Every structure is written in structure tokens, then in C-alpha cells.
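Below is one structure, written out as C-alpha cells, with a few remarks after it.
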Amino acid sequence: MTEITAPKAPVTSDEFTGEIREQLKYTQGVTPEQATAADVYVAAAAAVRRHLVDAWMKTQKDMVSGDTKAVGYLSAEFLMGKQLSNALLNAGLTEQFEAAVKALGFEPQQIVDAEYEPGLGNGGLGRLAACYIDSLASIGVPAFGYGIQYRYGIFKQKFDDKGRQIETPDYWLANEEPWGHIDYNRDQRVSFGGKVVEENGRRVWKPAWSVRAVPVDYMVPGYTSQRVNTLRLWTAKSYDEFDLLTFNESEYLDAVKPQVAAENITKILYPEDSTPQGKALRLEQQYFFVAASIHDAIRVFYPGEANPDLTNFADKIVFQLNDTHPVIGIPELMRVLMDEHGYDWDTAWGITQKTFNYTCHTLLPEALEVWPADLIGELLPRHLEIIRKINDQFVAELESKNVAADQIERMRIYTDDERPSVRMAFLASYAGSYVNGVAELHSELLKDVTLKDFSDVYPQKFANVTNGVTPRRFVRLSNPRMSALITEGLGTDRWISDLSLLKGLVPLADDAEFVRKFADVKQANKDAFAVFAKSHYGIDLDSSTMFNTMVKRLHEYKRQSLKILALISTYADIKSGKVNVDDVLPRTVMFGAKSAPGYAMAKLTIRLINNVSRVVNNDPDVKGKLAVHMLPNYNIEMAENLIPATDLDEQISQAGKEASGTGNMKFALNGALTVGTLDGANVEIRQLVGAENFFLFGMTVDEVDKLYAEGYDHGGSRKYYEADPRLKQAVDMVADGTFSDGDKDVYKDLVNDWLTHDYFMTMADFGAYMDIQAEIENTYREPAKWARMAVLNVANSGYFSSDRSIEDYLERIWHTGALA
Ligand code: NTF
């Protein structure tokens with residue numbers, strides 16, 4: 001008997017059909033005969049939402065009246081993905097939905113496809129936030145996700161006829177969006193600019209302009225927890241205040257200008273990943289959503305109180321700062337407590353310190369935000385004063401601890417040089433209670449390198465929480481075939497809410513029948529992806545070949561160029577007859593990657609991949625052996641389809657650069673094997689799945705450091721190029737125009753970088769990478785062995801559930817738990 005714990009349907013299929021019909025008629029005003037798939041999608045979304053409302057209201061009530069501290073997850077990005085299937089799963093209505101839409105004359109997939117994916121994030125950081133609010137709700141922790149409802153999400157990616165990335169706007173709100181509920185009655189005023197004056201011995205901020213922050217609420221249903229939390233995304237609206245003077249002069253368009261400017265604040269998601277742009281509008285966005293959220297939390301937790309006692313604020317809610325983007329919330333809470341509620345500095349400081357914690361998501365120094373002080377001063381003059389005072393207090397504290405003068409200088413939050421600036425990561429590290437990294441290696445490197453000065457002085461603040469991914473979306477929903485097999489193998493579906501139960505699959509790795517079924521599932525997923533790729537991208541995939549995938553943002557440190565050079569080398573070997581074409585393991589290599597629009601080297605790499613793809617795929621000599629595809633517009637939907645269909649996943653960043661990675665976890669959980677370096681969470685994945693079930697290659701962090709010390713990035717790479725004929729040939733082919741119709745100029749910046757700087761050591765790791773590929777091919781030639789390894793990857797990856805990550809946050813950082 002298989003134990004089924006999945007949510008039970010609250011209504012029958014007929015009843016749910018009736019509810020959808022009602023929505024069609026009374027909300028949308030269409031008859032079932034008139035209804036399109038888009039109509040049915042909106043109606044189904046509204047119908048499932050109704051089933052979540054009671055739990056949503058109860059959760060809010062219990063959160064405010066109970067004594068369980070809530071979590072406010074402050075994040076500039078929430079990369080949610082489509083909502084319908086997840087809402088149906090958690091409401092227990094999946095089968096009823098399928099029956100209902102069939103009764104209305106549609107296929108379920110048509111309705112799911114009618115939803116437009118919201119892309120309110122760049123990559124891992126935003127997707128992690130989405131996984132975390134799913135887990136908070138599923139564990140039953142009262143929580144708010146607080147962020148921004150951008151009107152334009154991450155750009156849509158296309159390629160032109162030369163293979164270059166073209167960005168087009170993502171106007172995701174062009175059609176009805178049934179999930180977000182805009183609540184004009186819970187708005188907040190957010191002000192900017194102006195000056196600070198002295199009034200009765202107090203500093204008083206006289207802002208120059210204000211924006212109306214209006215919340216758009218999304219339900220975040222927990223899986224089997226009966227809890228529904230809130231994702232509150234703020235949108236900027238102008239106040240209805242015309243500049244009458246101008247208006248009287250009948251300069252109507254001038255009079256509405258400030259209004260238009262106000263609404264620009266939440267217009268667009270900045271498309272840089274890991275390398276923030278210090279633009280004023282970005283600081284406006286950050287302050288806008290954080291200020292609105294802090295005021296909102298006070299409104300929620302002290303309802304109707306004109307003079308609330310905020311000394312217990314940190315017992316009501318703890319704010320997690322998702323990277324540096326929301327760090328301006330620290331001086332904002334200080335300001336609110338002092339200027340709006342009359343607390344003295346020390347009281348305000350005590351509350352603020354207890355309220356905030358900071359998660360760092362990077363190791364790249366350039367990704368730690370630093371704002372010019374004059375920009376902050378112009379936009380938020382009172383905040384700059386507070387930041388400077390925090391800095392003074394900090395410096396005094398360091399002096400009292402006898403920290404050396406040069407170390408204090410390095411640690412300053414406010415740099416007192418000719419162009420003073422504010423280091424947001426340092427502000428967060430000093431002002432918050434905890435600082436955490438996102439994988440064990442990353443947290444160690446934060447302590448030893450990136451934030452070493454801080455960990456030396458405040459060692460007790462530093463913690464690790466290894467990232468995780470939600471098993472609902474990234475296993476149960478994205479891989480139904482494997483999910484059914486897991487449930488069959490374990491005799492229960494409880495693994496969906498307790499992923500550690502996957503361990504129970506370990507013995508089944510030696511059960512030939514189970515392993516065969518597992519391999520069949522993978523094959524079925526590959527076949528399904530081939531159909532998906534044909535309909536979405538118009539490409540033909542041969543699902544009898546190995547599916548080898550590299551999907552993530554395009555960044556030099558992630559080293560897509562290492563993969564493409566290896567491919568070129570293999571291609572050249574087949575062409576030259578150096579390897580017998582019959583000995584080549586047939587492979588389909590798929591890339592998916594967006595580049596920041598202004599990141600020239602990344603864009604050039606995309607162009608190269610597209611052109612290698614063009615040359616290889618059109619060459620009859622390698623047909624059936626090697627195919628390369630750059631799939632356009634990598635997004636959550638593609639991930640959900642491609643990851644379950646992948647045999648081999650690439651996690652080949654230079655050691656010491658990828659903070660964690662979360663794609664790596666999704667692949668392991670879906671039975672792909674990983675080829676990877678000892679970087680980020682790869683280290684923990686390998687430990688857990690077993691070194692024998694992971695294809696490790698490349699230099700370690702220490703070896704990388706040693707090479708830098710030897711001056712590698714000042715000409716050291718050339719030696720590797722000269723010494724390895726395979727590498728030399730691959731680089732030469734890029735240089736000689738093989739992938740640019742003979743034009744030697746196209747890739748010269750890439751080639752030049754490889755041979756002179758190669759900061760991320762692609763050349764130095766190339767040999768090891770080629771060697772491991774040979775081992776991978778030998779293993780893949782033994783299907784039963786490969787499938788067994790894949791089963792063991794799944795069985796031992798339960799640790800990478802975001803439920804476990806949230807439990808770690810609760811225990812190590814937030815010190816709170818689920819509602820009773
Ligand atoms: C990213 N950081 C890291 O690059 C990934 O390794 C990590 O898995 C995710 O965060 C989630 O923790 C960023 O995107 C940023 F912006 F912080 F650089």
C-alpha cells in the first residue's frame with residue numbers, strides 16, 4: 001500500500017468545473033463556448049485562489065495575534081515562474097482541474113501554457129527567494145516576501161542572424177494577471193530628496209517628493225501545511241497632486257512629468273547579475289520597496305495603534321536582507337524609530353540590530369554594492385547622516401577593541417576619502433545580527449577572504465546556510481514520471497515535504513528492476529523534451545544521444561568558454577580523423593544563458609556558441625555524433641522541462657567563484673550526473689552523493705590562488721596554450737574565422753583575453769576538463785552503471801531541499817518556527 005499525503009481535493013471535479021464556469025460568466029463575461037484557453041486560465045486561477053483564501057486569512061490572523069515571530073524576506077528579486085500548477089498542487093485540485101478543462105473542451109497543457117511567466121529576477125538569487133517563500137509556507141512559518149513588482153521583468157532573449165543576443169522588453173503585464181491583488185487601501189508614502197533641518201533640537205527631514213507605494217499581494221500556498229503566506233510586491237504610483245502653478249500656465253505635460261517619473265521607479269528590473277550598476281534609479285528602487293515594507297510591517301503588527309511600543313519590534317518580525325540590495329533598510333528603520341517614533345539612538349540601534357540579518361551571495365568583490373555618498377545624500381539626506389553616525393559609532397567600537405588602524409581603515413562603512421562612498425555589505429555586516437554565506441565553502445571564504453576583517457572582530461556573527469531548492473516545483477511538478485517512481489519505490493509520497501526520505505532509495509540502486517525503470521523515466525523525459533524543443537524552438541533533438549546541459553547566466557567565471565572550447569576540440573578531432581567517428585559517444589550539448597546587455601565578453605561568448613552550433617550542426621561529418629544548441633531565453637519554464645531530461649550537467653566555474661549554485665542541486669535531484677569543480681555547493685553535493693558518483697576535475701581554490709600568486713593572469717595562460725595541442729587547435733579555430741565565415745576579427749577580444757589574462761583560468765583547467773570527459777564517455781557506455789549512479793544522486797540529494805535550508809535559518813539565524 002502506498003501512503004498518499006498530498007493535499008486532498010476540497011471539491012469534486014464537477015464542482016470545480018462549475019466554479020470555473022462561474023468565473024467565466026460573472027468575472028470575465030464570456031460563455032464557455034466563447035472561452036479561449038487564456039479565458040479558462042484566468043478563470044481557473046481565480047477559482048483556485050478562492051480555495052486558498054480562508055487559509056490565507058487564518059495565517060495572517062494567527063501571525064498577528066500569536067507570539068510566533070514572523071520572517072520578512074526582503075529581496076529585490078523573486079523569480080517565481082508560472083503559478084497555476086503549483087497553486088493547484090497545493091490546493092489539492094490538480095485532477096479536478098484536469099477534468100474540468102477537458103469538460104470545457106481543452107487540454108490541461110493548453111491552459112498551463114496560457115500563463116505568461118513572470119521574470120522578476122535575474123537568476124539564482126531571485127529563484128532562491130522564490131524557493132524560500134515556498135518552503136516558509138510549507139513549513140508553516142509566518143512570513144512575508146517583500147519585493148518589487150517590476151513592470152518589465154528580465155528581458156526576452158533572441159538571437160540575430162549572426163548569433164548575437166538581442167534583448168526585447170518583457171512586458172509581462174500586457175495581459176490579465178490573475179494572481180496579484182493590488183491593494184490600494186494598504187498603500188505607503190515613500191519620500192525622496194530635499195534636506196534635513198534642525199527643529200527644536202531635532203533633525204527633521206523635509207523631503208522634496210513622494211511616491212505612492214501600492215502593494216500587490218500574491219498568495220504563497222504551503223504544501224500540506226494549511227498555511228498561505230503573502231508575497232507583497234510594491235508598485236510605484238504617483239500621487240494625484242498636480243503642480244497647479246505649472247498647470248495654470250497650461251503646461252499640462254510639464255505638470256504631469258513628476259507623476260510619470262514616480263511611476264518609473266518600478267518600471268524595470270536591472271538585468272545585471274552579480275555586477276550591480278550604481279544607477280540612481282536602482283537606489284530609488286531599493287529604498288522604495290524597503291521603506292514601504294518596513295512601514296507595512298509596523299502597520300501589520302501594531303494594527304490601529306497611533307503610538308505603538310516598538311521596543312518589541314524584533315519579537316514580531318525578523319528581516320532577512322537578500323544580498324546588499326535591501327541594506328538601505330537599516331538606516332531607514334533607525335530613522336523611523338528615532339524621527340517618527342521618538343526613540344533615542346541607543347534604543348533604536350538595539351532594535352535595528354536585532355531585526356536585521358544579511359545573506360551574502362557572492363565572492364566577487366565587484367558584486368558588493370558601494371554607493372557614492374553624494375548620491376545617497378541627494379536622494380536620502382537623512383539616511384546619509386544616520387549612516388555616517390553608524391560609521392562613527394563603528395569606528396569608535398573598533399578602536400575600543402584595539403583593532404589596528406589600517407584594519408579600521410579597510411572596514412569603514414563610510415569611506416572618508418576624496419570621493420566618499422558607502423559600502424553596503426559592511427553596513428549590513430556591522431548592523432545586523434548575523435551574516436551568512438550560501439554554501440559551506442562560500443561561508444568559509446567569506447570568513448577567510450571577502451569579509452575577513454569582520455569575522456576577525458565579530459566571529460560569532462558568521463554562519464552558513466547552504467542553499468536549497470523546492471522539491472514541489474523542481475521535482476514533483478517538473479518531473480512527474482520520476483516522482484511517481486520515487487513514490488512507488490518508497491511506498492509513500494511524504495518525500496515531497498520531507499526530502500530526506502529520498503535516502504530510502506539507496507538500496508534500490510542495487511535493484512536492477514528499479515534502476516531500469518529509472519532509466520526508462522529519463523528516456524521518456526528526453527523524448528518529451530525533444531517534443532518541447534521542436535514546438536518551442538523549432539529544433540530537432542535526437543533523444544537517443546546523451547543530453548549534456550549547461551544552463552545558467554552567462555558569466556566569465558562560470559566558464560561557458562571552457563565547455564565551448566572542449567566542444568570545438570572534439571569537433572576538430574572528428575574532422576581530422578584523429579578519433580574514429582564510430583568511437584565518438586553521440587552527444588547533444590545544450591546551452592541556455594542570458595548575458596547582461598552591457599557585458600561585452602559574455603555577449604561575444606553567446607555569439608561564439610551560436611556559431612559553433614551553426615557550423616557543427618550543419619557538418620555532415622559529425623552528424624549523429626555531435627550537436628550543439630544555444631536555446632534562446634533560458635527561464636524557469638525551460639529549466640523545468642530541460643533539467644529532468646538531462647543526463648550530464650555542467651558546473652564548471654573556477655574554484656572559489658560560484659557562491660553556491662542552485663541549478664546543480666536541481667540536476668542532481670533529477671538524476672543527472674554532474675561534471676564539476678570543487679566550487680560552491682558542488683563540494684557538498686559530491687560529499688553527499690559520493691565521490692564515485694560525481695565527475696570532479698580542475699584546480700582547487702588553493703591551486704587557483706597559487707597560480708595567481710605566480711602571475712597567471714599576466715600572461716601565464718599562454719604556456720598552457722602552447723603546451724596542449726588540443727587547446728591550441730581549439731583556440732586557433734576561434735581565431736582563424738572557422739566560426740565567423742573567415743572573419744578573424746569577430747572573436748579577437750575573446751582570443752586575446754584567453755591568451756593574455758584569462759582571469760578565470762579556462763586555459764589552465766582545459767586539460768583536466770578534457771580528461772574527465774573521456775571518463776564520462778566510458779561511464780555512459782555502461783547504461784546500467786550510469787543509471788545506478790543517477791539513482792544514487794537522487795537518493796543522496798534530499799539535503800538540498802529548501803525546506804532544510806529554511807530549518808537551518810530558523811535554528812541558526814531567525815530563532816523562530818512554525819505557527820501552532
Ligand atoms: C548568486 N549571487 C550566486 O552567484 C549563486 O552562486 C548562488 O547560488 C545564488 O546567488 C543564490 O545564493 C548573485 O546572483 C549575486 F547577485 F549575489 F551576485
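Ligands are numbered from 1 in the order shown, residues from 1 within each chain, and chains are lettered A, B, ... in the order they appear in the C-alpha cells.
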**Asked** Using only C-alpha atoms and all ligand atoms, which protein or nucleic acid residues are at most 7 Å from ligand 1, as number ranges by chain?
**Response** A: 123-125, 128, 273-275, 323, 360-362, 367, 438, 467, 658-662, 680
**Request:** Apply DSSP to the structure's backbone, then extract all residues of region 387-531 of chain A labelled alpha helix (DSSP H) and return them as a ChimeraX atom specification.
**Result:** /A:387-400,405-411,424-431,440-445,452-457,471,480-490,512-531
**Message:** So that I can check the surroundings of region 81-89 of chain A, please list as a VMD selection string every protein, DNA and RNA residue that reaches within 9 Å of it, counting only C-alpha atoms and ignoring chain neighbours fewer than 5 positions away.
**Reply:** chain A and resid 6 to 7 41 44 to 45 48 to 49 52 94 to 95 97 112 115 to 120 127 130 179 219 to 221 223 472 to 473 477 635 to 637
Would you output that residue set with C-alpha atoms, as a compact mmCIF listing (two decimals), in the first residue's frame?
# COMPACT_ATOMS: atom_id res chain seq x y z
CA ALA A 6 -0.73 15.00 -0.91
CA PRO A 7 -3.46 17.61 -0.26
CA TYR A 41 -6.61 30.04 -17.46
CA ALA A 44 -9.10 28.57 -13.20
CA ALA A 45 -6.60 30.82 -11.44
CA VAL A 48 -8.12 28.01 -7.21
CA ARG A 49 -7.34 31.27 -5.44
CA LEU A 52 -6.79 29.34 -0.66
CA THR A 94 -4.76 19.10 -9.91
CA GLU A 95 -7.00 16.23 -11.02
CA PHE A 97 -8.60 20.97 -12.83
CA VAL A 112 -0.99 25.95 -18.33
CA GLU A 115 0.10 31.70 -18.34
CA TYR A 116 2.90 34.16 -19.05
CA GLU A 117 5.96 33.53 -16.92
CA PRO A 118 6.76 36.42 -14.58
CA GLY A 119 10.51 37.06 -14.82
CA LEU A 120 11.05 39.28 -11.80
CA ARG A 127 14.95 31.99 -7.77
CA ALA A 130 11.05 32.12 -4.59
CA TRP A 179 -2.55 36.12 -9.15
CA MET A 219 -0.69 34.17 -2.12
CA VAL A 220 2.11 31.76 -1.29
CA PRO A 221 0.41 28.47 -0.51
CA TYR A 223 2.24 22.27 0.64
CA ARG A 472 7.48 20.80 -5.11
CA ARG A 473 8.31 22.79 -8.23
CA LEU A 477 5.80 19.23 -10.72
CA ASN A 635 13.86 30.83 -18.00
CA ILE A 636 12.06 28.83 -15.33
CA GLU A 637 9.83 27.04 -17.81
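Shortest separation to Ala297 (chain A) among A:Gln188, A:Gln259, A:Thr235, A:Asn796 occurs at residue A:Gln188, atoms counted being only C-alpha atoms.
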Neighbour list for Met761 (chain A) as a PDB file with C-alpha atoms, in the first residue's frame, cut-off 10 Å, only C-alpha atoms, skip fewer than 5 positions in-chain:
ATOM      1  CA  GLU A 556      33.181  34.535 -17.448  1.00  0.00           C
ATOM      2  CA  TYR A 557      33.632  32.968 -14.013  1.00  0.00           C
ATOM      3  CA  ARG A 559      33.248  29.369 -17.817  1.00  0.00           C
ATOM      4  CA  LEU A 562      35.673  26.114 -21.249  1.00  0.00           C
ATOM      5  CA  SER A 653      33.088  27.526 -12.589  1.00  0.00           C
ATOM      6  CA  GLN A 654      36.581  28.452 -11.486  1.00  0.00           C
ATOM      7  CA  ALA A 655      37.009  27.205  -7.907  1.00  0.00           C
ATOM      8  CA  GLY A 698      40.076  21.063 -12.148  1.00  0.00           C
ATOM      9  CA  MET A 699      42.028  23.168  -9.747  1.00  0.00           C
ATOM     10  CA  VAL A 704      43.947  28.795  -8.120  1.00  0.00           C
ATOM     11  CA  LEU A 707      48.615  30.313  -9.816  1.00  0.00           C
ATOM     12  CA  TYR A 708      47.504  33.897  -9.293  1.00  0.00           C
ATOM     13  CA  TYR A 712      48.973  33.719 -14.124  1.00  0.00           C
ATOM     14  CA  ASP A 713      46.644  36.490 -15.190  1.00  0.00           C
ATOM     15  CA  GLY A 716      50.581  32.861 -17.698  1.00  0.00           C
ATOM     16  CA  SER A 717      47.855  31.276 -19.773  1.00  0.00           C
ATOM     17  CA  TYR A 720      49.031  26.170 -21.401  1.00  0.00           C
ATOM     18  CA  TRP A 754      42.350  33.833 -23.219  1.00  0.00           C
ATOM     19  CA  PHE A 766      41.293  22.754 -20.046  1.00  0.00           C
TER      20      PHE A 766
END
**Nearest residue to Lys517 (chain A) from the set A:Arg227, A:Lys162, A:Arg788, A:Lys563 (distances using only C-alpha atoms)** =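 Nearest candidate to Lys517 (chain A) out of A:Arg227, A:Lys162, A:Arg788, A:Lys563: A:Arg788.
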**Request:** Would you list the contacts of Arg607 (chain A) as number ranges by chain, taking every protein, DNA or RNA residue within 10 Å and counting only C-alpha atoms, but skipping same-chain residues closer than 3 positions in sequence?
**Result:** A: 159-160, 162-165, 601-604, 610-613, 630, 739-740, 746-747
**Asked** Please, what distance in Å, to one decimal, runs between CA of Tyr599 (chain A) and CA of Asn664 (chain A)?
**Response** 24.1 Å
**Request:** Go ahead and compute the interatomic distance for CA of Asp14 (chain A) and CA of Thr224 (chain A), in Å to one decimal.
**Result:** 23.2 Å
**Message:** I'd like the contact shell of region 429-431 of chain A - 9 Å cut-off, only C-alpha atoms, skipping same-chain residues fewer than 3 positions apart - returned as an MDAnalysis selection string.
**Reply:** chainID A and resid 330 349 352:354 356:358 390 394 413 424:426 434:435 451 454 458 461
Would you mind exporting the chosen residues as a compact mmCIF listing (two decimals), in the first residue's frame, restricted to C-alpha atoms?
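As a result, out12.txt now contains:
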# COMPACT_ATOMS: atom_id res chain seq x y z
CA ILE A 330 18.98 49.63 8.13
CA TRP A 349 20.11 50.81 17.43
CA THR A 352 17.61 47.58 14.48
CA GLN A 353 20.45 45.21 15.25
CA LYS A 354 18.08 42.54 16.46
CA PHE A 356 18.24 42.54 10.54
CA ASN A 357 20.42 39.75 9.21
CA TYR A 358 22.34 39.67 5.99
CA ILE A 390 26.65 54.45 12.43
CA PHE A 394 31.52 51.59 14.49
CA ILE A 413 31.31 51.76 6.21
CA MET A 424 26.55 48.33 1.84
CA ALA A 425 27.95 44.88 2.68
CA PHE A 426 29.94 46.38 5.53
CA TYR A 434 24.14 37.50 11.54
CA VAL A 435 25.98 37.30 8.26
CA LEU A 451 34.73 39.68 4.96
CA PHE A 454 34.65 41.49 10.08
CA TYR A 458 32.81 39.57 15.18
CA LYS A 461 28.07 36.74 13.71
